[in-house]
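First up is the structure itself, then whatever we jot down about it.
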Amino acid sequence: MPVPDPLSVAATAITATNNSINVLKAIGILTDSSRAGHSSKATQIRDLSLKNSVVPNDYIVQDHKVVGVPLIDLFINSYMDETDGDTHVVFARSSIGKTTACVSFLKYAPNLKCQALMITGAPKGTSYLSWMAQKLNASEENVLADLVAGVKTVEPTPASILILDELNEVGVECCNIQMVDALMRFIYTSKQRINLYVVTQNEEVAERLCRLNEWQKIGPMDGLTSPSRTDV
């Protein structure tokens, strides 16, 4: 068995530590009410959501019509135009068309008269926070706050849709779970009026997220994930 390169091991450890630190900083800025307000980046993100955009914009599903109707219907039926901020964990095995269904849901959003944004394409081994920051051209420390500020709505505008697709890894030191946990709770407790969907093919990720359930506002999407929302 080859001996690991000490420099490579050290670099990996530093990257992991930096990922965790950046997640903690991003959560701190998100939850710091004194820093609330729209930045120019939040305005750019709002413009994307008003166009029902998929990020990265070069991520194109060839034919969104190929997905079976039941899967799309589950997304549509779970949407609430009046909500403080509910989160749906969408777990299903690989290659059944989850991403394509998400894109189809986004294309349906104008019928709901709501703004919507989808993040997808996160590569293996990448912190999801880092991926979002990179693709939204934002800093890792500010990306969560900018994302929420850009996507949130106020009455009487219908609640918005935010999809975090392909969140398929727990992350080093559970940094991805920690990030989603903070995002979920902030959206609900501060009444951001966002329907958040976290889509994964990793059962461990789904189980960890579903254990975060609070006031039944965080849980599996009805009809797709087991256990049902009422069982969590």
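If you're wondering about the labels, chains in the structure tokens are A, B, ... by order shown, residues count from 1 in each chain, ligands from 1 in order shown.
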
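Within stretch 76-223 of chain A, the backbone-based DSSP assignment of strand (DSSP E) covers Thr87, His88, Val89, Val90, Phe91, Ala116, Leu117, Met118, Ile119, Ser160, Ile161, Leu162, Ile163, Leu164, Ile194, Asn195, Leu196, Tyr197, Val198, Val199, Thr200, Ile218, Gly219 and Pro220 of chain A.
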
Within 12 Å of A:Gly85, counting only C-alpha atoms, which residues qualify if same-chain residues fewer than 5 places away don't, as a PyMOL selection string?
-> chain A and resi 79-80+148+151-154+158-162+183-197+214-218

Residues from the last selection, C-alpha atoms, saved as a PDB file, in the first residue's frame:
```pdb
ATOM      1  CA  TYR A  79     -45.349  24.084  -2.676  1.00  0.00           C
ATOM      2  CA  MET A  80     -47.054  26.550  -0.318  1.00  0.00           C
ATOM      3  CA  VAL A 148     -31.659  34.457   1.462  1.00  0.00           C
ATOM      4  CA  VAL A 151     -34.765  34.882  -2.756  1.00  0.00           C
ATOM      5  CA  LYS A 152     -37.024  35.864   0.164  1.00  0.00           C
ATOM      6  CA  THR A 153     -40.401  37.491  -0.476  1.00  0.00           C
ATOM      7  CA  VAL A 154     -42.855  39.667   1.412  1.00  0.00           C
ATOM      8  CA  PRO A 158     -46.317  34.311  -3.113  1.00  0.00           C
ATOM      9  CA  ALA A 159     -43.564  32.522  -1.188  1.00  0.00           C
ATOM     10  CA  SER A 160     -40.504  31.718  -3.282  1.00  0.00           C
ATOM     11  CA  ILE A 161     -38.726  28.472  -4.179  1.00  0.00           C
ATOM     12  CA  LEU A 162     -35.065  27.653  -3.475  1.00  0.00           C
ATOM     13  CA  LEU A 183     -30.220  27.772   6.657  1.00  0.00           C
ATOM     14  CA  MET A 184     -33.368  25.732   7.327  1.00  0.00           C
ATOM     15  CA  ARG A 185     -33.872  27.121  10.805  1.00  0.00           C
ATOM     16  CA  PHE A 186     -33.115  30.709   9.853  1.00  0.00           C
ATOM     17  CA  ILE A 187     -35.586  30.651   6.967  1.00  0.00           C
ATOM     18  CA  TYR A 188     -38.335  29.406   9.271  1.00  0.00           C
ATOM     19  CA  THR A 189     -37.655  31.323  12.484  1.00  0.00           C
ATOM     20  CA  SER A 190     -37.178  34.665  10.704  1.00  0.00           C
ATOM     21  CA  LYS A 191     -40.169  34.086   8.394  1.00  0.00           C
ATOM     22  CA  GLN A 192     -38.340  34.494   5.095  1.00  0.00           C
ATOM     23  CA  ARG A 193     -41.257  32.949   3.129  1.00  0.00           C
ATOM     24  CA  ILE A 194     -39.063  30.511   1.207  1.00  0.00           C
ATOM     25  CA  ASN A 195     -39.955  26.945   0.214  1.00  0.00           C
ATOM     26  CA  LEU A 196     -36.551  25.255   0.513  1.00  0.00           C
ATOM     27  CA  TYR A 197     -35.937  21.912  -1.218  1.00  0.00           C
ATOM     28  CA  GLU A 214     -38.381  21.126  14.210  1.00  0.00           C
ATOM     29  CA  TRP A 215     -42.076  22.026  14.503  1.00  0.00           C
ATOM     30  CA  GLN A 216     -42.701  19.794  11.490  1.00  0.00           C
ATOM     31  CA  LYS A 217     -41.257  22.571   9.319  1.00  0.00           C
ATOM     32  CA  ILE A 218     -38.217  20.516   8.364  1.00  0.00           C
TER      33      ILE A 218
END
```

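Remark: for A:Ser53, the closest of the candidate residues A:Thr99, A:Gln115, A:Ser78, A:Thr157 is A:Gln115 (distances computed over only C-alpha atoms).
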
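Residue nearest A:Pro123 within the list A:Asp84, A:Val90, A:Gly171, A:Glu140: A:Gly171 [criterion: smallest interatomic distance, only C-alpha atoms].
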
Which of A:Ser20, A:Thr120, A:Ser40, A:Thr31 sits closest to A:Leu144 [using only C-alpha atoms] = A:Thr31

For stretch 41-45 of chain A, list every protein, DNA or RNA residue within 12 Å, evaluated using only C-alpha atoms, and leave out those in the same chain fewer than 3 positions away; present the list as a VMD selection string.
-> chain A and resid 36 to 38 48 to 55 115 to 119 132 to 133 135 to 139 142 to 152 162

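Taking atom CA of A:Leu71 and atom CA of A:Lys98 as the two end points, the separation is 7.9 Å.
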
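Interatomic distance, atom CA of A:Val205 to atom CA of A:Ala101: 19.7 Å.
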
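Here the question is which of A:Ala109, A:Gln201, A:Arg46, A:Gly125 gets nearest to A:Val172 using only C-alpha atoms, and that residue is A:Gly125.
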
If you run DSSP on this backbone, which residues of stretch 70-184 of chain A come out as alpha helix (DSSP H), and could you give them as a ChimeraX atom specification?
-> /A:70-78,98-112,128-136,143-151,175-184

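Distance annotation: of A:Thr200, A:Gln134, A:Asn176, A:Asn22, the residue with the minimal separation from A:Pro56 is A:Gln134; atom set is only C-alpha atoms.
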